[in-house]
Structure formats: structure tokens, C-alpha cells
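J.: Structure file model_17.tsv, TSV, C-alpha atoms and all ligand atoms, is pasted below:
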```tsv
chain	number	residue	atom	x	y	z
A	27	MET	CA	5.55	-6.20	15.07
A	28	GLY	CA	5.86	-3.35	17.58
A	29	ILE	CA	4.55	-0.57	15.35
A	30	LYS	CA	2.60	1.86	17.52
A	31	LYS	CA	-1.02	2.28	16.65
A	32	SER	CA	-2.53	5.75	16.77
A	33	LEU	CA	-5.44	6.53	19.04
A	34	ALA	CA	-7.69	6.97	16.02
A	35	PHE	CA	-6.59	3.61	14.72
A	36	GLU	CA	-7.40	1.99	18.07
A	37	SER	CA	-10.88	3.47	18.07
A	38	CYS	CA	-11.64	2.68	14.41
A	39	SER	CA	-10.02	-0.65	13.78
A	40	ASN	CA	-12.30	-2.50	16.19
A	41	TYR	CA	-15.32	-1.84	14.01
A	42	GLY	CA	-16.16	-4.61	11.57
A	43	PHE	CA	-17.45	-2.19	8.94
A	44	VAL	CA	-14.11	-0.37	8.86
A	45	LYS	CA	-12.26	-3.65	8.36
A	46	LYS	CA	-14.71	-4.55	5.60
A	47	ALA	CA	-14.10	-1.21	3.85
A	48	VAL	CA	-10.34	-1.59	4.14
A	49	LYS	CA	-10.62	-5.03	2.49
A	50	ARG	CA	-11.43	-3.15	-0.69
A	51	PHE	CA	-7.80	-1.96	-0.76
A	52	MET	CA	-5.87	-4.85	0.79
A	53	PRO	CA	-6.30	-8.63	0.58
A	54	GLY	CA	-5.61	-9.03	4.31
A	55	GLU	CA	-3.38	-8.00	7.19
A	56	ASN	CA	-0.89	-10.87	6.88
A	57	LEU	CA	2.00	-11.53	4.54
A	58	SER	CA	0.35	-14.84	3.61
A	59	ASP	CA	-2.70	-12.88	2.33
A	60	ALA	CA	-0.42	-10.86	0.04
A	61	ILE	CA	1.35	-14.01	-1.15
A	62	ASN	CA	-1.94	-15.77	-1.95
A	63	ALA	CA	-3.24	-12.71	-3.80
A	64	THR	CA	0.00	-12.64	-5.83
A	65	LYS	CA	-0.42	-16.26	-6.87
A	66	ASP	CA	-3.84	-15.35	-8.29
A	67	PHE	CA	-2.47	-12.26	-10.02
A	68	MET	CA	0.42	-14.18	-11.57
A	69	GLN	CA	-2.03	-16.47	-13.35
A	70	LYS	CA	-3.30	-13.35	-15.14
A	71	GLY	CA	0.18	-12.10	-16.01
A	72	ILE	CA	0.18	-9.44	-13.28
A	73	LEU	CA	3.13	-9.15	-10.89
A	74	THR	CA	3.11	-7.45	-7.50
A	75	VAL	CA	4.99	-5.18	-5.11
A	76	PHE	CA	4.62	-5.69	-1.34
A	77	THR	CA	4.59	-2.99	1.28
A	78	HIS	CA	4.20	-3.61	4.97
A	79	LEU	CA	2.21	-0.68	6.30
A	80	GLY	CA	3.87	1.55	8.84
A	81	GLU	CA	5.61	4.91	9.10
A	82	ASN	CA	7.32	7.29	11.53
A	83	ILE	CA	8.44	4.69	13.99
A	84	THR	CA	9.93	6.11	17.21
A	85	GLN	CA	12.19	3.35	18.54
A	86	ILE	CA	15.30	1.95	16.90
A	87	GLN	CA	14.14	-1.51	17.95
A	88	GLU	CA	11.00	-1.09	15.82
A	89	ALA	CA	13.17	-0.11	12.84
A	90	GLU	CA	15.19	-3.25	13.32
A	91	GLU	CA	11.99	-5.33	13.48
A	92	VAL	CA	10.81	-3.79	10.20
A	93	LYS	CA	14.19	-4.47	8.58
A	94	ASN	CA	14.11	-8.09	9.79
A	95	HIS	CA	10.54	-8.41	8.56
A	96	TYR	CA	11.56	-7.33	5.04
A	97	LEU	CA	14.50	-9.77	5.10
A	98	ASP	CA	11.98	-12.52	5.93
A	99	VAL	CA	9.66	-11.29	3.19
A	100	LEU	CA	12.46	-11.59	0.62
A	101	GLU	CA	13.15	-15.13	1.85
A	102	ASN	CA	9.44	-15.97	1.56
A	103	ILE	CA	9.14	-14.48	-1.93
A	104	HIS	CA	12.14	-16.53	-3.00
A	105	ASN	CA	10.86	-19.77	-1.44
A	106	GLU	CA	7.34	-19.31	-2.80
A	107	LYS	CA	8.75	-18.53	-6.28
A	108	ILE	CA	6.49	-15.53	-6.68
A	109	LYS	CA	7.37	-12.48	-8.76
A	110	THR	CA	7.19	-9.69	-6.21
A	111	GLU	CA	9.27	-6.61	-5.44
A	112	ILE	CA	9.16	-4.67	-2.19
A	113	SER	CA	8.56	-1.02	-1.40
A	114	LEU	CA	9.16	0.66	1.92
A	115	LYS	CA	9.03	4.00	3.69
A	116	LEU	CA	12.28	5.35	5.09
A	117	THR	CA	10.57	6.56	8.28
A	118	GLN	CA	9.49	2.96	8.77
A	119	ILE	CA	13.14	1.92	9.11
A	120	GLY	CA	14.02	4.79	11.43
A	121	LEU	CA	14.83	7.83	9.25
A	122	ASP	CA	13.47	10.13	11.98
A	123	LEU	CA	15.94	8.59	14.43
A	124	SER	CA	19.14	8.19	12.42
A	125	PHE	CA	19.98	8.65	8.73
A	126	ASP	CA	23.07	6.44	8.98
A	127	ASN	CA	21.31	3.64	10.75
A	128	SER	CA	18.37	3.60	8.36
A	129	LEU	CA	20.84	3.58	5.44
A	130	LEU	CA	22.56	0.59	7.01
A	131	PHE	CA	19.23	-1.24	7.42
A	132	PHE	CA	18.10	-0.35	3.92
A	133	ASN	CA	21.37	-1.52	2.40
A	134	GLN	CA	21.01	-4.87	4.19
A	135	VAL	CA	17.54	-5.28	2.67
A	136	ALA	CA	18.73	-4.20	-0.79
A	137	GLN	CA	21.72	-6.56	-0.67
A	138	LYS	CA	19.54	-9.50	0.27
A	139	ALA	CA	17.17	-8.51	-2.53
A	140	SER	CA	20.10	-8.44	-4.93
A	141	GLU	CA	21.11	-12.00	-3.93
A	142	TYR	CA	17.61	-13.07	-4.94
A	143	LEU	CA	17.61	-10.90	-8.09
A	144	ASN	CA	14.88	-8.81	-6.52
A	145	PHE	CA	14.25	-5.08	-6.37
A	146	VAL	CA	13.50	-2.58	-3.57
A	147	TRP	CA	11.55	0.67	-3.97
A	148	ILE	CA	11.72	3.66	-1.64
A	149	ASP	CA	8.33	5.34	-1.17
A	150	MET	CA	8.25	9.13	-1.09
A	151	GLU	CA	6.67	10.62	2.04
A	152	GLY	CA	5.66	14.22	2.87
A	153	SER	CA	7.80	17.14	1.63
A	154	ALA	CA	9.71	17.39	4.91
A	155	TYR	CA	11.46	14.21	3.74
A	156	THR	CA	12.06	14.97	0.04
A	157	ASN	CA	15.66	16.24	0.31
A	158	THR	CA	16.71	13.51	2.69
A	159	THR	CA	15.05	10.77	0.65
A	160	ILE	CA	16.78	11.89	-2.54
A	161	ASP	CA	20.14	12.10	-0.78
A	162	PHE	CA	19.49	8.66	0.73
A	163	TYR	CA	18.62	7.20	-2.68
A	164	ARG	CA	21.76	8.66	-4.27
A	165	ARG	CA	23.90	6.96	-1.63
A	166	THR	CA	22.22	3.59	-1.73
A	167	LYS	CA	21.99	3.47	-5.55
A	168	LEU	CA	25.79	3.69	-5.76
A	169	LEU	CA	25.94	0.41	-3.83
A	170	ASN	CA	22.68	-1.19	-4.92
A	171	GLU	CA	21.73	-1.12	-8.58
A	172	ASN	CA	18.45	-2.92	-7.74
A	173	THR	CA	16.80	0.06	-6.02
A	174	GLY	CA	14.38	2.77	-7.10
A	175	VAL	CA	12.75	5.86	-5.66
A	176	CYS	CA	9.27	7.31	-5.93
A	177	LEU	CA	8.93	10.96	-7.01
A	178	GLN	CA	5.77	13.09	-6.88
A	179	ALA	CA	4.47	15.14	-9.82
A	180	TYR	CA	2.51	17.53	-7.56
A	181	LEU	CA	5.81	18.95	-6.24
A	182	LYS	CA	7.12	21.86	-8.30
A	183	ARG	CA	10.71	20.76	-7.63
A	184	THR	CA	10.42	17.27	-9.13
A	185	GLU	CA	11.74	18.09	-12.61
A	186	LYS	CA	14.96	19.39	-11.03
A	187	ASP	CA	15.12	16.36	-8.76
A	188	ILE	CA	14.90	13.97	-11.69
A	189	GLN	CA	17.59	15.89	-13.54
A	190	SER	CA	19.83	15.89	-10.46
A	191	LEU	CA	19.62	12.10	-10.34
A	192	ILE	CA	20.28	11.33	-13.99
A	193	ASP	CA	24.03	10.85	-13.45
A	194	ILE	CA	23.35	7.80	-11.25
A	195	ARG	CA	20.97	6.22	-13.80
A	196	PRO	CA	18.03	6.24	-11.40
A	197	ASN	CA	15.05	3.91	-11.32
A	198	ILE	CA	12.05	6.15	-10.81
A	199	ARG	CA	8.41	5.48	-9.98
A	200	LEU	CA	6.45	8.61	-10.87
A	201	VAL	CA	3.22	9.25	-8.92
A	202	LYS	CA	1.00	12.30	-8.47
A	203	GLY	CA	1.58	12.49	-4.68
A	204	ALA	CA	-0.63	11.67	-1.72
A	205	TYR	CA	0.20	14.15	1.05
A	206	LYS	CA	-1.27	17.53	1.93
A	207	GLU	CA	1.32	20.06	0.77
A	208	PRO	CA	1.33	23.91	0.79
A	209	LYS	CA	0.64	25.76	-2.48
A	210	GLU	CA	4.10	27.40	-2.38
A	211	ILE	CA	5.73	24.08	-3.20
A	212	ALA	CA	3.00	21.96	-4.75
A	213	PHE	CA	0.54	22.27	-7.63
A	214	LYS	CA	-2.96	22.32	-6.22
A	215	ASP	CA	-5.20	22.02	-9.29
A	216	LYS	CA	-5.63	18.56	-10.74
A	217	SER	CA	-5.03	19.96	-14.23
A	218	ASP	CA	-1.64	21.40	-13.19
A	219	VAL	CA	-0.59	18.17	-11.49
A	220	ASP	CA	-1.62	16.16	-14.56
A	221	LYS	CA	0.22	18.55	-16.89
A	222	ASN	CA	3.38	18.25	-14.83
A	223	TYR	CA	2.98	14.47	-14.64
A	224	LEU	CA	2.94	14.24	-18.42
A	225	GLN	CA	5.90	16.59	-18.84
A	226	LEU	CA	7.92	14.50	-16.39
A	227	ALA	CA	6.72	11.28	-18.04
A	228	LYS	CA	7.95	12.57	-21.42
A	229	PHE	CA	11.36	13.35	-19.97
A	230	LEU	CA	11.55	9.94	-18.28
A	231	LEU	CA	10.57	8.14	-21.49
A	232	THR	CA	13.33	9.98	-23.33
A	233	GLN	CA	15.74	8.77	-20.67
A	234	VAL	CA	14.40	5.21	-21.04
A	235	LYS	CA	15.17	5.45	-24.74
A	236	GLU	CA	18.53	7.19	-24.52
A	237	ASN	CA	20.03	5.95	-21.26
A	238	GLY	CA	18.11	2.76	-20.48
A	239	ILE	CA	16.84	3.98	-17.12
A	240	LYS	CA	13.84	2.26	-15.56
A	241	ALA	CA	10.72	4.42	-15.44
A	242	VAL	CA	7.56	3.26	-13.77
A	243	PHE	CA	4.27	5.11	-13.92
A	244	GLY	CA	2.27	4.71	-10.71
A	245	THR	CA	-1.17	5.95	-11.66
A	246	HIS	CA	-4.78	4.88	-12.24
A	247	ASP	CA	-5.53	7.94	-14.37
A	248	LEU	CA	-6.74	6.50	-17.67
A	249	LYS	CA	-6.18	9.74	-19.58
A	250	ILE	CA	-2.60	9.93	-18.38
A	251	ILE	CA	-2.01	6.25	-19.16
A	252	SER	CA	-3.32	6.78	-22.66
A	253	GLU	CA	-1.05	9.84	-23.17
A	254	ILE	CA	1.96	7.91	-21.89
A	255	LYS	CA	1.29	5.17	-24.41
A	256	LYS	CA	1.19	7.78	-27.21
A	257	LEU	CA	4.36	9.51	-25.99
A	258	ALA	CA	6.15	6.16	-25.81
A	259	SER	CA	5.02	5.21	-29.27
A	260	ASN	CA	6.24	8.57	-30.69
A	261	LEU	CA	9.61	8.01	-29.04
A	262	ASN	CA	9.75	4.43	-30.29
A	263	VAL	CA	9.85	3.04	-26.75
A	264	GLN	CA	8.65	-0.58	-26.83
A	265	HIS	CA	5.64	-1.77	-24.80
A	266	GLU	CA	7.77	-4.07	-22.66
A	267	GLN	CA	10.05	-1.15	-21.73
A	268	ILE	CA	7.17	0.59	-19.97
A	269	GLU	CA	5.90	-0.39	-16.57
A	270	PHE	CA	2.70	0.72	-14.90
A	271	HIS	CA	2.04	0.22	-11.20
A	272	MET	CA	-1.39	0.44	-9.60
A	273	LEU	CA	-2.75	-0.06	-6.12
A	274	TYR	CA	-4.56	-3.26	-5.20
A	275	GLY	CA	-8.30	-3.01	-5.83
A	276	ILE	CA	-8.24	0.07	-8.07
A	277	LYS	CA	-8.99	0.05	-11.83
A	278	THR	CA	-8.77	-3.72	-12.11
A	279	THR	CA	-10.24	-3.81	-15.63
A	280	GLU	CA	-7.53	-1.45	-16.83
A	281	GLN	CA	-4.89	-3.61	-15.13
A	282	HIS	CA	-5.92	-6.59	-17.26
A	283	ARG	CA	-6.18	-4.48	-20.41
A	284	LEU	CA	-2.60	-3.20	-20.01
A	285	VAL	CA	-1.25	-6.72	-19.58
A	286	ASN	CA	-3.17	-7.89	-22.65
A	287	GLU	CA	-1.68	-5.01	-24.62
A	288	GLY	CA	1.83	-6.19	-23.69
A	289	TYR	CA	2.75	-3.63	-21.02
A	290	LYS	CA	4.31	-4.62	-17.71
A	291	LEU	CA	1.83	-4.13	-14.89
A	292	LYS	CA	2.48	-4.51	-11.17
A	293	VAL	CA	-0.03	-4.20	-8.37
A	294	LEU	CA	1.13	-2.74	-5.08
A	295	ILE	CA	-0.26	-4.82	-2.23
A	296	SER	CA	-0.27	-3.34	1.24
A	297	TYR	CA	-0.63	-5.53	4.29
A	298	GLY	CA	-0.14	-5.24	8.05
A	299	SER	CA	-2.15	-3.85	10.92
A	300	ALA	CA	-0.96	-0.22	10.70
A	301	TRP	CA	-3.38	0.69	7.93
A	302	TYR	CA	-5.12	3.66	9.50
A	303	PRO	CA	-2.98	6.63	8.18
A	304	TRP	CA	-2.55	4.89	4.84
A	305	TYR	CA	-6.27	4.23	4.49
A	306	MET	CA	-7.05	7.86	5.37
A	307	ARG	CA	-4.85	8.94	2.45
A	308	ARG	CA	-6.83	6.64	0.14
A	309	LEU	CA	-10.05	8.30	1.38
A	310	ALA	CA	-8.60	11.77	0.90
A	311	GLU	CA	-7.56	10.93	-2.67
A	312	ARG	CA	-11.06	9.97	-3.58
A	313	PRO	CA	-13.95	11.24	-1.49
A	314	ALA	CA	-16.19	8.65	-3.20
A	315	ASN	CA	-14.41	6.11	-1.00
A	316	VAL	CA	-16.09	7.70	2.02
A	317	GLY	CA	-19.39	6.77	0.39
A	318	PHE	CA	-18.02	3.28	0.05
A	319	VAL	CA	-17.32	3.14	3.81
A	320	LEU	CA	-20.79	4.50	4.58
A	321	LYS	CA	-22.38	1.90	2.33
A	322	ASN	CA	-20.53	-0.73	4.34
A	323	ILE	CA	-21.79	0.73	7.61
A	324	PHE	CA	-25.38	0.42	6.48
A	325	SER	CA	-25.01	-2.97	4.83
A	326	ASN	CA	-23.41	-4.35	7.98
A	401	LIG	C1	2.14	1.91	-7.14
A	401	LIG	C2	1.87	3.21	-6.45
A	401	LIG	C3	2.78	3.67	-5.51
A	401	LIG	C4	2.55	4.88	-4.86
A	401	LIG	N1	3.51	5.35	-4.01
A	401	LIG	C5	3.37	6.59	-3.49
A	401	LIG	C6	4.42	7.19	-2.72
A	401	LIG	O1	5.45	6.58	-2.47
A	401	LIG	N2	4.22	8.46	-2.27
A	401	LIG	C7	3.07	9.17	-2.54
A	401	LIG	O2	2.98	10.33	-2.14
A	401	LIG	N3	2.06	8.60	-3.24
A	401	LIG	C8	2.18	7.35	-3.71
A	401	LIG	N4	1.16	6.81	-4.45
A	401	LIG	C9	-0.16	7.47	-4.47
A	401	LIG	C10	-0.23	8.52	-5.56
A	401	LIG	O3	0.55	9.64	-5.22
A	401	LIG	C11	-1.68	9.01	-5.77
A	401	LIG	O4	-2.15	9.59	-4.59
A	401	LIG	C12	-2.65	7.94	-6.20
A	401	LIG	O5	-2.06	7.03	-7.08
A	401	LIG	C13	-3.88	8.56	-6.92
A	401	LIG	O6	-3.45	9.25	-8.06
A	401	LIG	P1	-3.72	8.77	-9.59
A	401	LIG	O7	-2.48	8.95	-10.35
A	401	LIG	O8	-4.30	7.41	-9.60
A	401	LIG	O9	-4.71	9.85	-10.16
A	401	LIG	P2	-6.11	10.39	-9.68
A	401	LIG	O10	-6.44	11.54	-10.57
A	401	LIG	O11	-6.10	10.64	-8.21
A	401	LIG	O12	-7.06	9.18	-9.95
A	401	LIG	C14	-7.41	8.75	-11.26
A	401	LIG	C15	-8.60	7.82	-11.13
A	401	LIG	O13	-8.17	6.62	-10.46
A	401	LIG	C16	-9.16	6.18	-9.54
A	401	LIG	N5	-8.62	6.29	-8.16
A	401	LIG	C17	-7.50	6.93	-7.78
A	401	LIG	N6	-7.30	6.79	-6.45
A	401	LIG	C18	-8.33	6.04	-6.00
A	401	LIG	C19	-8.69	5.55	-4.72
A	401	LIG	N7	-7.97	5.79	-3.64
A	401	LIG	N8	-9.82	4.80	-4.62
A	401	LIG	C20	-10.58	4.51	-5.71
A	401	LIG	N9	-10.29	4.96	-6.96
A	401	LIG	C21	-9.18	5.71	-7.10
A	401	LIG	C22	-10.35	7.10	-9.73
A	401	LIG	O14	-11.21	6.56	-10.70
A	401	LIG	C23	-9.73	8.38	-10.25
A	401	LIG	O15	-10.61	9.17	-11.00
A	401	LIG	C24	1.36	5.61	-5.12
A	401	LIG	C25	0.47	5.15	-6.08
A	401	LIG	C26	0.70	3.98	-6.75
A	401	LIG	C27	-0.28	3.53	-7.78
```
Can you dump the structure from the file as C-alpha cells?
T.:
Amino acid sequence: MGIKKSLAFESCSNYGFVKKAVKRFMPGENLSDAINATKDFMQKGILTVFTHLGENITQIQEAEEVKNHYLDVLENIHNEKIKTEISLKLTQIGLDLSFDNSLLFFNQVAQKASEYLNFVWIDMEGSAYTNTTIDFYRRTKLLNENTGVCLQAYLKRTEKDIQSLIDIRPNIRLVKGAYKEPKEIAFKDKSDVDKNYLQLAKFLLTQVKENGIKAVFGTHDLKIISEIKKLASNLNVQHEQIEFHMLYGIKTTEQHRLVNEGYKLKVLISYGSAWYPWYMRRLAERPANVGFVLKNIFSN
């Protein structure tokens, strides 16, 4: 795939220790690695979501390659009989180049997914893309019921965004947010982000109960997960109506516990060679991961 690699990626990716550290968060660079990992997960009652790493492509041809790749992925998922959804970034299918063209590409992917009774998620990128992504989701959801969008609890606007989408019965994956955002628009303290996450979760659970929307909680925060379970129980939302999503390689014990308790749990598996910006966000989220990389340098 013609996704351009950054200079930093070029200089880092050649080192074995970096590859080893990245392995902690992805089973491998190829689609077949993600498929094999899914087969293992399925035996434990865990389903997956695939994302091919890449963002901010600069050529329409690259966007088309990404779109064709996801069409192939859907074919593969279907043929392999694995239970896997997909999740993609709009800038990966050319949002920076053309809204209309990326909508066309996305709709092709969503329609193919619909033929296979599958589901497509839209990731949320930095705040420069929030308005456009929400507008994009509104338009595609009218055509494609089997689509959902990620919203970020660190953004002060998110409550209004959720409310503005209620009329289209949205499918929402709520996360804390992974980008560096200014304090004017985003909560900076962990306690404020967590508080907002729980407020939004409560609202979403009410909507699950009253309007049958799909709400997914993308978090590894055990305190938040525990609060969500309590909120759901108070609202009489059944275990199987709640879905948690986590990233591959993080909080694996909790993943199994949730499945054993009867909740739906999906693991997001990233693959592909363009892992550098994505991996840097994982490091920024948790500085302890830098220690993990260093340990790998010295154990190499
Ligand atoms: C399925 C899924 C999809 C996502 N999609 C998006 C998206 O589209 N847009 C976006 O902005 N963000 C996305 N994110 C990332 C998200 O915004 C957070 O940055 C990330 O999930 C960490 O937040 P947390 O809720 O786990 O809470 P935190 O408070 O950050 O973490 C809670 C605990 O989880 C563990 N943990 C968390 N992150 C790591 C890590 N990297 N390495 C090791 N341990 C860790 C630690 O023990 C930590 O104490 C997604 C996350 C998930 C799970």
C-alpha cells in the first residue's frame, strides 16, 4: 500500500527493538496476523475490530488503495468466517483531499459491509476534524444503518454533539481521546475527563434503554468500567446490551473477566506498516510504555 512513511518512521522502524516493543500492541503488520489473532480470541468469546494503520494521506490514489484494501478485508472476514468489524480514519480515505470523494469511498465500504451483515466504525481524529466527521457520519448513517462514530470525552463539546445526533439513532463508541488538544476546548485533568466520560456514558445508557441506540465504551479504565456496570444496572440495561472495546494487548485479564460476566467485549487490532504516529500516541497515553521500550532496548 502506498501510504507515505514519515521520516521519523523511516529512522525508527529499522530497529529491531522498536519492532519488538510495537509487538506489544499489535499481533503483526499483516492482515493475516490480525485474522490469526482473531481466531484465538474467538475461542475465548472475544470478538475483534480491525483497523489498518494510516492517516492523512495526500494522494487520491492512496485513498482508493485504502478503500480497496477494506473491501478486500471484508471479503476475507466473510470467507474466514470470523466475527470482526472494521474501523477507519476518514483522513485515511482522503478527507483532506475531498469530502465528497471520501464519502463515496466510505459508502462503498459500508455497503459491502452491509451485504456481509458487518459494521464499520469511523475513528475520531484531532479536533480540526470533529465538525466534518460528525457531518460526514450524519450523511452516511442515513444511507448505512451499519455504521458508527467515535466521540471523545475530553472534548467539552461532546455532550452537545451526542445530542445533535440523537435524531439519526447513532451508534457511538465513547473514548477519552488521544490527541493533544488546547485547554480552551478540552478537559486537561484526568479527573475532569473521567467525570465527563461518566456523564456521557449515563446519557448514552439512557438512550440504549429508551431508544435502542448502540453504545460502546472504548476504555481500559477499570474504575470507569465498574461505574458503567453500576449505571447500567440502575437503569435496568442488560449485560448483553453493553459493549466494551479495548485495544489489543491492554488489560487482557479484564477483557476475559468482562466476557465471563456476560458483557460483549471486542478487541481493536491494528495492523499495517504505518504504525509510527499511532504508536507514539500509545506512548503519550501512558509514559510507562516508554519504560517498556527501554527495557526492550536493553534486553535486545
Ligand atoms: C477501541 C478503542 C478505540 C479508540 N478509538 C479512538 C479514536 O477513534 N480516537 C481517539 O482519539 N482515541 C481513540 N482511542 C484511544 C482513547 O481515546 C484513549 O486514548 C485510550 O483508550 C486510553 O484511555 P483509557 O480510557 O483506557 O483510560 P486511561 O485513563 O488512559 O487508562 C486507564 C488504564 O488503562 C491502561 N492503559 C491505557 N492506555 C494504555 C496504553 N497505551 N498502554 C498500556 N496501558 C494502557 C493503564 O493501566 C491505565 O491506567 C480508542 C481506544 C479504544 C479502546
J.: What residues have any atom no more than 7 Å from ligand LIG 401 (chain A) when counting all atoms listed in the file, and can you list them as a ChimeraX atom specification?
T.: /A:148-152,176,178,201-205,244-248,271-273,276-277,293-294,308-309,311-312,315
J.: Tell me, in Å to one decimal, how far CA of Tyr142 in chain A is from CA of Ile268 in chain A.
T.: 22.8 Å
J.: Fewer than 2 positions away in the same chain doesn't count, so skip those; otherwise give me all residues within 12 Å of Ser124 in chain A, counting all atoms listed in the file, as number ranges by chain.
T.: A: 82-86, 89, 116-122, 126-131, 158, 162
J.: Put those residues in a file: C-alpha atoms, as a PDB file, keeping the file's coordinate frame.
T.:
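Resulting contents of again17.pdb:
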```pdb
ATOM      1  CA  ASN A  82       7.320   7.290  11.530  1.00  0.00           C
ATOM      2  CA  ILE A  83       8.440   4.690  13.990  1.00  0.00           C
ATOM      3  CA  THR A  84       9.930   6.110  17.210  1.00  0.00           C
ATOM      4  CA  GLN A  85      12.190   3.350  18.540  1.00  0.00           C
ATOM      5  CA  ILE A  86      15.300   1.950  16.900  1.00  0.00           C
ATOM      6  CA  ALA A  89      13.170  -0.110  12.840  1.00  0.00           C
ATOM      7  CA  LEU A 116      12.280   5.350   5.090  1.00  0.00           C
ATOM      8  CA  THR A 117      10.570   6.560   8.280  1.00  0.00           C
ATOM      9  CA  GLN A 118       9.490   2.960   8.770  1.00  0.00           C
ATOM     10  CA  ILE A 119      13.140   1.920   9.110  1.00  0.00           C
ATOM     11  CA  GLY A 120      14.020   4.790  11.430  1.00  0.00           C
ATOM     12  CA  LEU A 121      14.830   7.830   9.250  1.00  0.00           C
ATOM     13  CA  ASP A 122      13.470  10.130  11.980  1.00  0.00           C
ATOM     14  CA  ASP A 126      23.070   6.440   8.980  1.00  0.00           C
ATOM     15  CA  ASN A 127      21.310   3.640  10.750  1.00  0.00           C
ATOM     16  CA  SER A 128      18.370   3.600   8.360  1.00  0.00           C
ATOM     17  CA  LEU A 129      20.840   3.580   5.440  1.00  0.00           C
ATOM     18  CA  LEU A 130      22.560   0.590   7.010  1.00  0.00           C
ATOM     19  CA  PHE A 131      19.230  -1.240   7.420  1.00  0.00           C
ATOM     20  CA  THR A 158      16.710  13.510   2.690  1.00  0.00           C
ATOM     21  CA  PHE A 162      19.490   8.660   0.730  1.00  0.00           C
TER      22      PHE A 162
END
```
J.: Would you compute the distance between CA of Gly71 in chain A and CA of Glu287 in chain A? Give it in Å to one decimal.
T.: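 Distance reported for this atom pair: 11.3 Å.
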J.: For a test of reading the model, state the distance in Å between CA of Pro196 in chain A and CA of Gly174 in chain A, rounded to one decimal.
T.: 6.6 Å
J.: Pick from A:Arg307, A:Lys206, A:Lys186, A:Lys115: nearest to Phe51 in chain A, with only C-alpha atoms counted?
T.: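 When distances to Phe51 in chain A are compared using only C-alpha atoms, the smallest one comes from A:Arg307.
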J.: Smallest atom-to-atom distance to Ile103 in chain A: which of A:Lys235, A:Asn133, A:Ile72, A:Ala139, using only C-alpha atoms?
T.: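 Looking at the shortest contact to Ile103 in chain A, the residue is A:Ala139.
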J.: Compare A:Gln189, A:Gln281, A:Asn62, A:Thr173 by their minimum atom-to-atom distance to Trp147 in chain A, counting all atoms listed in the file, and give me the closest one.
T.: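 The answer is A:Thr173, which sits nearest to Trp147 in chain A.
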J.: What's the 7 Å shell around Leu181 in chain A, counting only C-alpha atoms, without same-chain residues fewer than 3 positions away, as a PyMOL selection string?
T.: chain A and resi 178+184+211-213
J.: When distances are computed from all atoms listed in the file, which of A:Arg195, A:Lys214, A:Lys256, A:Lys292 shows the smallest separation from Ile112 in chain A?
T.: A:Lys292
J.: From the list A:Ile108, A:Leu114, A:Leu168, A:Val219, which residue is nearest Tyr297 in chain A when using all atoms listed in the file?
T.: A:Leu114
